[in-house]
Amino acid sequence: MARVLKIDNALKKRFQRKETSRSVNKRDKRVFFLIVCEGEATEPNYFKALQKSLPPNSVNVIMDIKGTGRNTDSLVDFAIKYRDGSLQAYDRVWAIFDRDSFKDSTFNDAIQNGTNNDIQVGWTNEAFELWFLLHFQYVNNAMGREDYKSYLEREITNKMGKPYKYKKNAKDTYTILKTYGNQEQAIEWAKKLDNEFTCNRYATHNPTTKVYKLIEELADPIAILNNRESKI
């Protein structure tokens, strides 16, 4: 008959404490993002591809990405309700939407609503494609969505050495930006645009994109983890 090894109760408790500690540490090394997007394809496709290419880090980034088809104020309300009704405690909640052709008051109120309810608002004036274009060139003149499209096609065609047609809902946009563009430069140019405006009449901040702030957080989740731990 095989001999049964008995473990002293004190040792058993010590092992249990270690396992509990490991479990807690493992849990604490994850940072949870909720990203609620106005678009149902363009923005979700971009962030899902970005998620797969995030560099290895001591903190795991868990992204819950929702493409809603909602706009501005209703999108922010959705983000608030989804966060408050979720069993998952999110470290950061982002609402991603564009200025497009919405009324100034609607756009400004949506941003203020997010700020008042601890929602990070990654808005762009005028269209999300501004963030894409900044991977290739600095632009500080107001443009419409179609203008961004033509500029993107020209820049990427030049980089690829063959004709490129931008498709709004394409799944390979992030890969193309990563291959032929410069994300670090895009962040710096986005910051430069952001610094041009200081008032809270956000609809007049054209061109501007706040998407770079989310990109920086995803690349450095340790800062969010440290902030969470400081509140414990």
# chains A, B, ... in the order shown; residues from 1 in each chain; ligands from 1
call {"tool": "residues_around", "arguments": {"residues": "stretch 103-113 of chain A", "least_positions_apart": "5", "cutoff": "10 Å", "atoms": "only C-alpha atoms", "output": "JSON, numbers by chain"}}
result
{"A": [71, 72, 73, 74, 75, 76, 77, 80, 95, 97, 98, 118, 119, 120, 121, 122, 123, 125, 200, 201, 202, 203, 204]}
call {"tool": "residues_around", "arguments": {"residues": "A:Lys178", "least_positions_apart": "5", "cutoff": "9 Å", "atoms": "only C-alpha atoms", "output": "list in words"}}
result
His135, Thr173 and Gln183 of chain A
call {"tool": "residues_around", "arguments": {"residues": "A:Val211", "least_positions_apart": "2", "cutoff": "10 Å", "atoms": "only C-alpha atoms", "output": "PyMOL selection string"}}
result
chain A and resi 94-97+121-124+128+130-131+187+190+208-209+213-216
call {"tool": "select_by_dssp", "arguments": {"residues": "stretch 96-230 of chain A", "states": "alpha helix (DSSP H)", "output": "MDAnalysis selection string"}}
result
chainID A and resid 104:116 129:133 145:160 173:180 183:194 211:219 222:230
call {"tool": "write_last_selection", "arguments": {"atoms": "C-alpha atoms", "output": "PDB file, in the first residue's frame"}}
result
ATOM      1  CA  ASP A 104     -22.366  71.904 -32.382  1.00  0.00           C
ATOM      2  CA  SER A 105     -24.483  71.670 -29.235  1.00  0.00           C
ATOM      3  CA  THR A 106     -25.053  67.921 -29.662  1.00  0.00           C
ATOM      4  CA  PHE A 107     -21.365  67.239 -30.126  1.00  0.00           C
ATOM      5  CA  ASN A 108     -20.275  69.483 -27.235  1.00  0.00           C
ATOM      6  CA  ASP A 109     -22.922  68.077 -24.879  1.00  0.00           C
ATOM      7  CA  ALA A 110     -21.884  64.489 -25.625  1.00  0.00           C
ATOM      8  CA  ILE A 111     -18.276  65.234 -24.687  1.00  0.00           C
ATOM      9  CA  GLN A 112     -19.334  67.006 -21.503  1.00  0.00           C
ATOM     10  CA  ASN A 113     -21.689  64.148 -20.617  1.00  0.00           C
ATOM     11  CA  GLY A 114     -18.802  61.702 -20.887  1.00  0.00           C
ATOM     12  CA  THR A 115     -16.513  63.879 -18.784  1.00  0.00           C
ATOM     13  CA  ASN A 116     -19.171  64.236 -16.086  1.00  0.00           C
ATOM     14  CA  GLU A 129      -9.878  58.904 -40.717  1.00  0.00           C
ATOM     15  CA  LEU A 130      -7.947  61.939 -39.460  1.00  0.00           C
ATOM     16  CA  TRP A 131      -6.179  59.581 -37.046  1.00  0.00           C
ATOM     17  CA  PHE A 132      -5.287  57.309 -39.965  1.00  0.00           C
ATOM     18  CA  LEU A 133      -3.936  60.162 -42.067  1.00  0.00           C
ATOM     19  CA  ARG A 145     -14.394  62.566 -44.728  1.00  0.00           C
ATOM     20  CA  GLU A 146     -14.006  62.311 -48.497  1.00  0.00           C
ATOM     21  CA  ASP A 147     -10.931  64.549 -48.365  1.00  0.00           C
ATOM     22  CA  TYR A 148      -9.312  62.261 -45.810  1.00  0.00           C
ATOM     23  CA  LYS A 149     -10.083  59.303 -48.052  1.00  0.00           C
ATOM     24  CA  SER A 150      -8.339  60.812 -51.078  1.00  0.00           C
ATOM     25  CA  TYR A 151      -5.329  61.927 -49.024  1.00  0.00           C
ATOM     26  CA  LEU A 152      -5.027  58.459 -47.479  1.00  0.00           C
ATOM     27  CA  GLU A 153      -5.191  56.784 -50.860  1.00  0.00           C
ATOM     28  CA  ARG A 154      -2.469  59.044 -52.211  1.00  0.00           C
ATOM     29  CA  GLU A 155      -0.139  58.559 -49.235  1.00  0.00           C
ATOM     30  CA  ILE A 156      -0.543  54.789 -49.031  1.00  0.00           C
ATOM     31  CA  THR A 157      -0.260  54.380 -52.805  1.00  0.00           C
ATOM     32  CA  ASN A 158       3.067  56.205 -52.672  1.00  0.00           C
ATOM     33  CA  LYS A 159       4.295  53.997 -49.817  1.00  0.00           C
ATOM     34  CA  MET A 160       3.087  50.714 -51.316  1.00  0.00           C
ATOM     35  CA  THR A 173      -6.561  49.033 -42.220  1.00  0.00           C
ATOM     36  CA  TYR A 174      -4.582  48.666 -39.001  1.00  0.00           C
ATOM     37  CA  THR A 175      -2.103  46.321 -40.685  1.00  0.00           C
ATOM     38  CA  ILE A 176      -1.590  48.776 -43.543  1.00  0.00           C
ATOM     39  CA  LEU A 177      -1.087  51.673 -41.124  1.00  0.00           C
ATOM     40  CA  LYS A 178       1.389  49.655 -39.098  1.00  0.00           C
ATOM     41  CA  THR A 179       3.303  48.508 -42.179  1.00  0.00           C
ATOM     42  CA  TYR A 180       3.492  51.764 -44.107  1.00  0.00           C
ATOM     43  CA  GLN A 183       2.110  55.458 -35.182  1.00  0.00           C
ATOM     44  CA  GLU A 184       4.565  57.297 -32.933  1.00  0.00           C
ATOM     45  CA  GLN A 185       4.595  60.214 -35.344  1.00  0.00           C
ATOM     46  CA  ALA A 186       0.799  60.112 -35.520  1.00  0.00           C
ATOM     47  CA  ILE A 187       0.649  60.472 -31.739  1.00  0.00           C
ATOM     48  CA  GLU A 188       2.999  63.451 -31.754  1.00  0.00           C
ATOM     49  CA  TRP A 189       1.093  65.172 -34.567  1.00  0.00           C
ATOM     50  CA  ALA A 190      -2.236  64.485 -32.837  1.00  0.00           C
ATOM     51  CA  LYS A 191      -0.861  66.095 -29.666  1.00  0.00           C
ATOM     52  CA  LYS A 192       0.283  69.093 -31.689  1.00  0.00           C
ATOM     53  CA  LEU A 193      -3.225  69.536 -33.109  1.00  0.00           C
ATOM     54  CA  ASP A 194      -4.751  69.065 -29.667  1.00  0.00           C
ATOM     55  CA  VAL A 211      -7.805  58.847 -30.208  1.00  0.00           C
ATOM     56  CA  TYR A 212      -4.073  59.109 -29.493  1.00  0.00           C
ATOM     57  CA  LYS A 213      -4.803  59.181 -25.749  1.00  0.00           C
ATOM     58  CA  LEU A 214      -6.431  55.747 -25.910  1.00  0.00           C
ATOM     59  CA  ILE A 215      -3.548  54.396 -28.014  1.00  0.00           C
ATOM     60  CA  GLU A 216      -1.071  55.600 -25.385  1.00  0.00           C
ATOM     61  CA  GLU A 217      -3.045  53.938 -22.584  1.00  0.00           C
ATOM     62  CA  LEU A 218      -3.212  50.628 -24.442  1.00  0.00           C
ATOM     63  CA  ALA A 219       0.546  50.743 -25.002  1.00  0.00           C
ATOM     64  CA  ILE A 222       1.086  49.796 -16.151  1.00  0.00           C
ATOM     65  CA  ALA A 223       0.188  53.426 -15.442  1.00  0.00           C
ATOM     66  CA  ILE A 224      -3.487  52.487 -15.140  1.00  0.00           C
ATOM     67  CA  LEU A 225      -2.656  49.476 -12.970  1.00  0.00           C
ATOM     68  CA  ASN A 226      -0.553  51.637 -10.639  1.00  0.00           C
ATOM     69  CA  ASN A 227      -3.363  54.166 -10.394  1.00  0.00           C
ATOM     70  CA  ARG A 228      -5.822  51.402  -9.520  1.00  0.00           C
ATOM     71  CA  GLU A 229      -3.552  50.006  -6.832  1.00  0.00           C
ATOM     72  CA  SER A 230      -3.024  53.459  -5.319  1.00  0.00           C
TER      73      SER A 230
END
call {"tool": "atom_distance", "arguments": {"atom1": "atom CA of A:Asn169", "atom2": "atom CA of A:Leu34"}}
result
20.7 Å
call {"tool": "closest_residue", "arguments": {"among": "A:Lys168, A:Arg30, A:Val93, A:Pro207", "to": "A:Asn57", "atoms": "only C-alpha atoms"}}
result
A:Arg30
call {"tool": "closest_residue", "arguments": {"among": "A:Lys162, A:Lys81, A:Arg99, A:Lys171", "to": "A:Asn45", "atoms": "only C-alpha atoms"}}
result
A:Lys171
call {"tool": "closest_residue", "arguments": {"among": "A:Ala79, A:Ala142, A:Ala170, A:Cys199", "to": "A:Cys37", "atoms": "only C-alpha atoms"}}
result
A:Ala79
call {"tool": "select_by_dssp", "arguments": {"residues": "stretch 81-216 of chain A", "states": "strand (DSSP E)", "output": "list in words"}}
result
Arg92, Val93, Trp94, Ala95, Ile96, Phe97, Asp98, Gln120, Val121, Gly122, Trp123, Thr124, Asn125, Thr208 and Thr209 of chain A
call {"tool": "write_last_selection", "arguments": {"atoms": "C-alpha atoms", "output": "PDB file, in the first residue's frame"}}
result
ATOM      1  CA  ARG A  92     -11.171  52.460 -18.354  1.00  0.00           C
ATOM      2  CA  VAL A  93     -14.263  53.130 -20.434  1.00  0.00           C
ATOM      3  CA  TRP A  94     -13.884  54.902 -23.775  1.00  0.00           C
ATOM      4  CA  ALA A  95     -16.518  56.278 -26.145  1.00  0.00           C
ATOM      5  CA  ILE A  96     -15.216  56.757 -29.695  1.00  0.00           C
ATOM      6  CA  PHE A  97     -17.169  59.014 -32.041  1.00  0.00           C
ATOM      7  CA  ASP A  98     -16.795  61.672 -34.758  1.00  0.00           C
ATOM      8  CA  GLN A 120     -13.018  58.845 -21.609  1.00  0.00           C
ATOM      9  CA  VAL A 121     -14.136  60.451 -24.854  1.00  0.00           C
ATOM     10  CA  GLY A 122     -11.993  59.698 -27.881  1.00  0.00           C
ATOM     11  CA  TRP A 123     -13.683  62.130 -30.217  1.00  0.00           C
ATOM     12  CA  THR A 124     -12.436  63.267 -33.612  1.00  0.00           C
ATOM     13  CA  ASN A 125     -13.336  66.402 -35.519  1.00  0.00           C
ATOM     14  CA  THR A 208      -8.491  67.406 -33.770  1.00  0.00           C
ATOM     15  CA  THR A 209      -8.484  63.799 -32.596  1.00  0.00           C
TER      16      THR A 209
END
call {"tool": "residues_around", "arguments": {"residues": "stretch 64-68 of chain A", "least_positions_apart": "5", "cutoff": "6 Å", "atoms": "only C-alpha atoms", "output": "list in words"}}
result
Leu34, Ile35, Val36, Cys37, Glu38, Gly39, Glu40 and Pro44 of chain A
call {"tool": "atom_distance", "arguments": {"atom1": "atom CA of A:Gly69", "atom2": "atom CA of A:Lys210"}}
result
19.7 Å
call {"tool": "atom_distance", "arguments": {"atom1": "atom CA of A:Met143", "atom2": "atom CA of A:Asn206"}}
result
8.2 Å
call {"tool": "closest_residue", "arguments": {"among": "A:Ala127, A:Leu134, A:Leu50, A:Val59", "to": "A:Asp100", "atoms": "only C-alpha atoms"}}
result
A:Ala127
call {"tool": "decode", "arguments": {"residues": "stretch 32-178 of chain A", "atoms": "C-alpha atoms", "output": "PDB file, in the first residue's frame"}}
result
ATOM      1  CA  PHE A  32      -9.849  45.948 -18.487  1.00  0.00           C
ATOM      2  CA  PHE A  33     -10.934  48.371 -21.196  1.00  0.00           C
ATOM      3  CA  LEU A  34     -14.439  48.912 -22.516  1.00  0.00           C
ATOM      4  CA  ILE A  35     -14.301  50.633 -25.911  1.00  0.00           C
ATOM      5  CA  VAL A  36     -17.686  51.686 -27.269  1.00  0.00           C
ATOM      6  CA  CYS A  37     -17.565  52.861 -30.873  1.00  0.00           C
ATOM      7  CA  GLU A  38     -19.976  54.931 -32.929  1.00  0.00           C
ATOM      8  CA  GLY A  39     -19.204  52.929 -36.053  1.00  0.00           C
ATOM      9  CA  GLU A  40     -20.121  49.281 -36.387  1.00  0.00           C
ATOM     10  CA  ALA A  41     -17.076  48.258 -38.448  1.00  0.00           C
ATOM     11  CA  THR A  42     -14.343  50.838 -39.128  1.00  0.00           C
ATOM     12  CA  GLU A  43     -13.402  51.605 -35.530  1.00  0.00           C
ATOM     13  CA  PRO A  44     -14.071  48.108 -34.076  1.00  0.00           C
ATOM     14  CA  ASN A  45     -12.022  46.484 -36.862  1.00  0.00           C
ATOM     15  CA  TYR A  46      -9.153  48.860 -36.166  1.00  0.00           C
ATOM     16  CA  PHE A  47      -9.120  48.291 -32.401  1.00  0.00           C
ATOM     17  CA  LYS A  48      -9.521  44.523 -32.673  1.00  0.00           C
ATOM     18  CA  ALA A  49      -6.504  44.346 -34.990  1.00  0.00           C
ATOM     19  CA  LEU A  50      -4.563  46.656 -32.688  1.00  0.00           C
ATOM     20  CA  GLN A  51      -5.388  44.439 -29.711  1.00  0.00           C
ATOM     21  CA  LYS A  52      -3.805  41.435 -31.417  1.00  0.00           C
ATOM     22  CA  SER A  53      -0.572  43.313 -32.057  1.00  0.00           C
ATOM     23  CA  LEU A  54      -0.057  44.892 -28.635  1.00  0.00           C
ATOM     24  CA  PRO A  55       3.520  44.296 -27.456  1.00  0.00           C
ATOM     25  CA  PRO A  56       4.119  41.815 -24.611  1.00  0.00           C
ATOM     26  CA  ASN A  57       3.782  43.533 -21.264  1.00  0.00           C
ATOM     27  CA  SER A  58       3.805  42.594 -17.608  1.00  0.00           C
ATOM     28  CA  VAL A  59       0.168  43.711 -17.598  1.00  0.00           C
ATOM     29  CA  ASN A  60      -2.405  41.963 -19.777  1.00  0.00           C
ATOM     30  CA  VAL A  61      -4.768  44.296 -21.621  1.00  0.00           C
ATOM     31  CA  ILE A  62      -8.299  42.944 -21.933  1.00  0.00           C
ATOM     32  CA  MET A  63     -10.392  44.900 -24.447  1.00  0.00           C
ATOM     33  CA  ASP A  64     -14.162  44.641 -24.743  1.00  0.00           C
ATOM     34  CA  ILE A  65     -14.970  46.386 -28.040  1.00  0.00           C
ATOM     35  CA  LYS A  66     -18.537  47.308 -28.973  1.00  0.00           C
ATOM     36  CA  GLY A  67     -19.575  48.701 -32.354  1.00  0.00           C
ATOM     37  CA  THR A  68     -23.010  50.174 -31.742  1.00  0.00           C
ATOM     38  CA  GLY A  69     -24.165  52.249 -34.703  1.00  0.00           C
ATOM     39  CA  ARG A  70     -25.177  54.922 -32.186  1.00  0.00           C
ATOM     40  CA  ASN A  71     -24.032  58.522 -32.361  1.00  0.00           C
ATOM     41  CA  THR A  72     -22.578  61.103 -29.971  1.00  0.00           C
ATOM     42  CA  ASP A  73     -24.901  61.641 -26.998  1.00  0.00           C
ATOM     43  CA  SER A  74     -26.702  58.278 -27.303  1.00  0.00           C
ATOM     44  CA  LEU A  75     -23.329  56.535 -27.582  1.00  0.00           C
ATOM     45  CA  VAL A  76     -22.070  58.090 -24.351  1.00  0.00           C
ATOM     46  CA  ASP A  77     -25.331  57.151 -22.604  1.00  0.00           C
ATOM     47  CA  PHE A  78     -24.918  53.584 -23.864  1.00  0.00           C
ATOM     48  CA  ALA A  79     -21.337  53.451 -22.506  1.00  0.00           C
ATOM     49  CA  ILE A  80     -22.525  54.649 -19.096  1.00  0.00           C
ATOM     50  CA  LYS A  81     -25.381  52.134 -18.919  1.00  0.00           C
ATOM     51  CA  TYR A  82     -23.251  49.256 -20.196  1.00  0.00           C
ATOM     52  CA  ARG A  83     -20.512  49.985 -17.652  1.00  0.00           C
ATOM     53  CA  ASP A  84     -22.931  50.396 -14.741  1.00  0.00           C
ATOM     54  CA  GLY A  85     -24.837  47.225 -15.629  1.00  0.00           C
ATOM     55  CA  SER A  86     -21.805  45.026 -16.290  1.00  0.00           C
ATOM     56  CA  LEU A  87     -20.525  42.374 -13.894  1.00  0.00           C
ATOM     57  CA  GLN A  88     -17.029  43.223 -15.126  1.00  0.00           C
ATOM     58  CA  ALA A  89     -15.367  46.136 -13.359  1.00  0.00           C
ATOM     59  CA  TYR A  90     -13.691  48.147 -16.129  1.00  0.00           C
ATOM     60  CA  ASP A  91     -10.564  50.137 -15.404  1.00  0.00           C
ATOM     61  CA  ARG A  92     -11.171  52.460 -18.354  1.00  0.00           C
ATOM     62  CA  VAL A  93     -14.263  53.130 -20.434  1.00  0.00           C
ATOM     63  CA  TRP A  94     -13.884  54.902 -23.775  1.00  0.00           C
ATOM     64  CA  ALA A  95     -16.518  56.278 -26.145  1.00  0.00           C
ATOM     65  CA  ILE A  96     -15.216  56.757 -29.695  1.00  0.00           C
ATOM     66  CA  PHE A  97     -17.169  59.014 -32.041  1.00  0.00           C
ATOM     67  CA  ASP A  98     -16.795  61.672 -34.758  1.00  0.00           C
ATOM     68  CA  ARG A  99     -18.009  65.218 -35.233  1.00  0.00           C
ATOM     69  CA  ASP A 100     -19.347  64.545 -38.722  1.00  0.00           C
ATOM     70  CA  SER A 101     -22.360  66.775 -39.410  1.00  0.00           C
ATOM     71  CA  PHE A 102     -23.915  66.831 -35.948  1.00  0.00           C
ATOM     72  CA  LYS A 103     -25.005  70.106 -34.421  1.00  0.00           C
ATOM     73  CA  ASP A 104     -22.366  71.904 -32.382  1.00  0.00           C
ATOM     74  CA  SER A 105     -24.483  71.670 -29.235  1.00  0.00           C
ATOM     75  CA  THR A 106     -25.053  67.921 -29.662  1.00  0.00           C
ATOM     76  CA  PHE A 107     -21.365  67.239 -30.126  1.00  0.00           C
ATOM     77  CA  ASN A 108     -20.275  69.483 -27.235  1.00  0.00           C
ATOM     78  CA  ASP A 109     -22.922  68.077 -24.879  1.00  0.00           C
ATOM     79  CA  ALA A 110     -21.884  64.489 -25.625  1.00  0.00           C
ATOM     80  CA  ILE A 111     -18.276  65.234 -24.687  1.00  0.00           C
ATOM     81  CA  GLN A 112     -19.334  67.006 -21.503  1.00  0.00           C
ATOM     82  CA  ASN A 113     -21.689  64.148 -20.617  1.00  0.00           C
ATOM     83  CA  GLY A 114     -18.802  61.702 -20.887  1.00  0.00           C
ATOM     84  CA  THR A 115     -16.513  63.879 -18.784  1.00  0.00           C
ATOM     85  CA  ASN A 116     -19.171  64.236 -16.086  1.00  0.00           C
ATOM     86  CA  ASN A 117     -19.649  60.469 -15.890  1.00  0.00           C
ATOM     87  CA  ASP A 118     -16.025  59.286 -15.917  1.00  0.00           C
ATOM     88  CA  ILE A 119     -16.150  58.200 -19.559  1.00  0.00           C
ATOM     89  CA  GLN A 120     -13.018  58.845 -21.609  1.00  0.00           C
ATOM     90  CA  VAL A 121     -14.136  60.451 -24.854  1.00  0.00           C
ATOM     91  CA  GLY A 122     -11.993  59.698 -27.881  1.00  0.00           C
ATOM     92  CA  TRP A 123     -13.683  62.130 -30.217  1.00  0.00           C
ATOM     93  CA  THR A 124     -12.436  63.267 -33.612  1.00  0.00           C
ATOM     94  CA  ASN A 125     -13.336  66.402 -35.519  1.00  0.00           C
ATOM     95  CA  GLU A 126     -14.260  65.774 -38.221  1.00  0.00           C
ATOM     96  CA  ALA A 127     -13.798  62.051 -38.959  1.00  0.00           C
ATOM     97  CA  PHE A 128     -11.922  59.060 -37.512  1.00  0.00           C
ATOM     98  CA  GLU A 129      -9.878  58.904 -40.717  1.00  0.00           C
ATOM     99  CA  LEU A 130      -7.947  61.939 -39.460  1.00  0.00           C
ATOM    100  CA  TRP A 131      -6.179  59.581 -37.046  1.00  0.00           C
ATOM    101  CA  PHE A 132      -5.287  57.309 -39.965  1.00  0.00           C
ATOM    102  CA  LEU A 133      -3.936  60.162 -42.067  1.00  0.00           C
ATOM    103  CA  LEU A 134      -1.711  61.409 -39.249  1.00  0.00           C
ATOM    104  CA  HIS A 135       0.277  58.186 -39.648  1.00  0.00           C
ATOM    105  CA  PHE A 136       1.603  59.701 -42.893  1.00  0.00           C
ATOM    106  CA  GLN A 137       1.400  63.467 -42.751  1.00  0.00           C
ATOM    107  CA  TYR A 138       0.588  66.417 -40.530  1.00  0.00           C
ATOM    108  CA  VAL A 139      -2.616  68.233 -41.484  1.00  0.00           C
ATOM    109  CA  ASN A 140      -3.932  71.296 -39.710  1.00  0.00           C
ATOM    110  CA  ASN A 141      -6.657  72.401 -42.112  1.00  0.00           C
ATOM    111  CA  ALA A 142     -10.286  71.375 -41.765  1.00  0.00           C
ATOM    112  CA  MET A 143     -11.354  68.602 -44.148  1.00  0.00           C
ATOM    113  CA  GLY A 144     -14.343  66.351 -44.737  1.00  0.00           C
ATOM    114  CA  ARG A 145     -14.394  62.566 -44.728  1.00  0.00           C
ATOM    115  CA  GLU A 146     -14.006  62.311 -48.497  1.00  0.00           C
ATOM    116  CA  ASP A 147     -10.931  64.549 -48.365  1.00  0.00           C
ATOM    117  CA  TYR A 148      -9.312  62.261 -45.810  1.00  0.00           C
ATOM    118  CA  LYS A 149     -10.083  59.303 -48.052  1.00  0.00           C
ATOM    119  CA  SER A 150      -8.339  60.812 -51.078  1.00  0.00           C
ATOM    120  CA  TYR A 151      -5.329  61.927 -49.024  1.00  0.00           C
ATOM    121  CA  LEU A 152      -5.027  58.459 -47.479  1.00  0.00           C
ATOM    122  CA  GLU A 153      -5.191  56.784 -50.860  1.00  0.00           C
ATOM    123  CA  ARG A 154      -2.469  59.044 -52.211  1.00  0.00           C
ATOM    124  CA  GLU A 155      -0.139  58.559 -49.235  1.00  0.00           C
ATOM    125  CA  ILE A 156      -0.543  54.789 -49.031  1.00  0.00           C
ATOM    126  CA  THR A 157      -0.260  54.380 -52.805  1.00  0.00           C
ATOM    127  CA  ASN A 158       3.067  56.205 -52.672  1.00  0.00           C
ATOM    128  CA  LYS A 159       4.295  53.997 -49.817  1.00  0.00           C
ATOM    129  CA  MET A 160       3.087  50.714 -51.316  1.00  0.00           C
ATOM    130  CA  GLY A 161       4.208  51.480 -54.843  1.00  0.00           C
ATOM    131  CA  LYS A 162       0.869  50.362 -56.242  1.00  0.00           C
ATOM    132  CA  PRO A 163      -2.698  51.740 -56.320  1.00  0.00           C
ATOM    133  CA  TYR A 164      -4.562  51.641 -53.030  1.00  0.00           C
ATOM    134  CA  LYS A 165      -8.276  52.255 -52.494  1.00  0.00           C
ATOM    135  CA  TYR A 166      -9.434  53.046 -48.988  1.00  0.00           C
ATOM    136  CA  LYS A 167     -12.481  51.069 -47.872  1.00  0.00           C
ATOM    137  CA  LYS A 168     -14.153  52.364 -44.752  1.00  0.00           C
ATOM    138  CA  ASN A 169     -15.007  48.971 -43.236  1.00  0.00           C
ATOM    139  CA  ALA A 170     -11.855  47.115 -44.313  1.00  0.00           C
ATOM    140  CA  LYS A 171     -10.350  44.718 -41.781  1.00  0.00           C
ATOM    141  CA  ASP A 172      -6.757  45.265 -42.870  1.00  0.00           C
ATOM    142  CA  THR A 173      -6.561  49.033 -42.220  1.00  0.00           C
ATOM    143  CA  TYR A 174      -4.582  48.666 -39.001  1.00  0.00           C
ATOM    144  CA  THR A 175      -2.103  46.321 -40.685  1.00  0.00           C
ATOM    145  CA  ILE A 176      -1.590  48.776 -43.543  1.00  0.00           C
ATOM    146  CA  LEU A 177      -1.087  51.673 -41.124  1.00  0.00           C
ATOM    147  CA  LYS A 178       1.389  49.655 -39.098  1.00  0.00           C
TER     148      LYS A 178
END
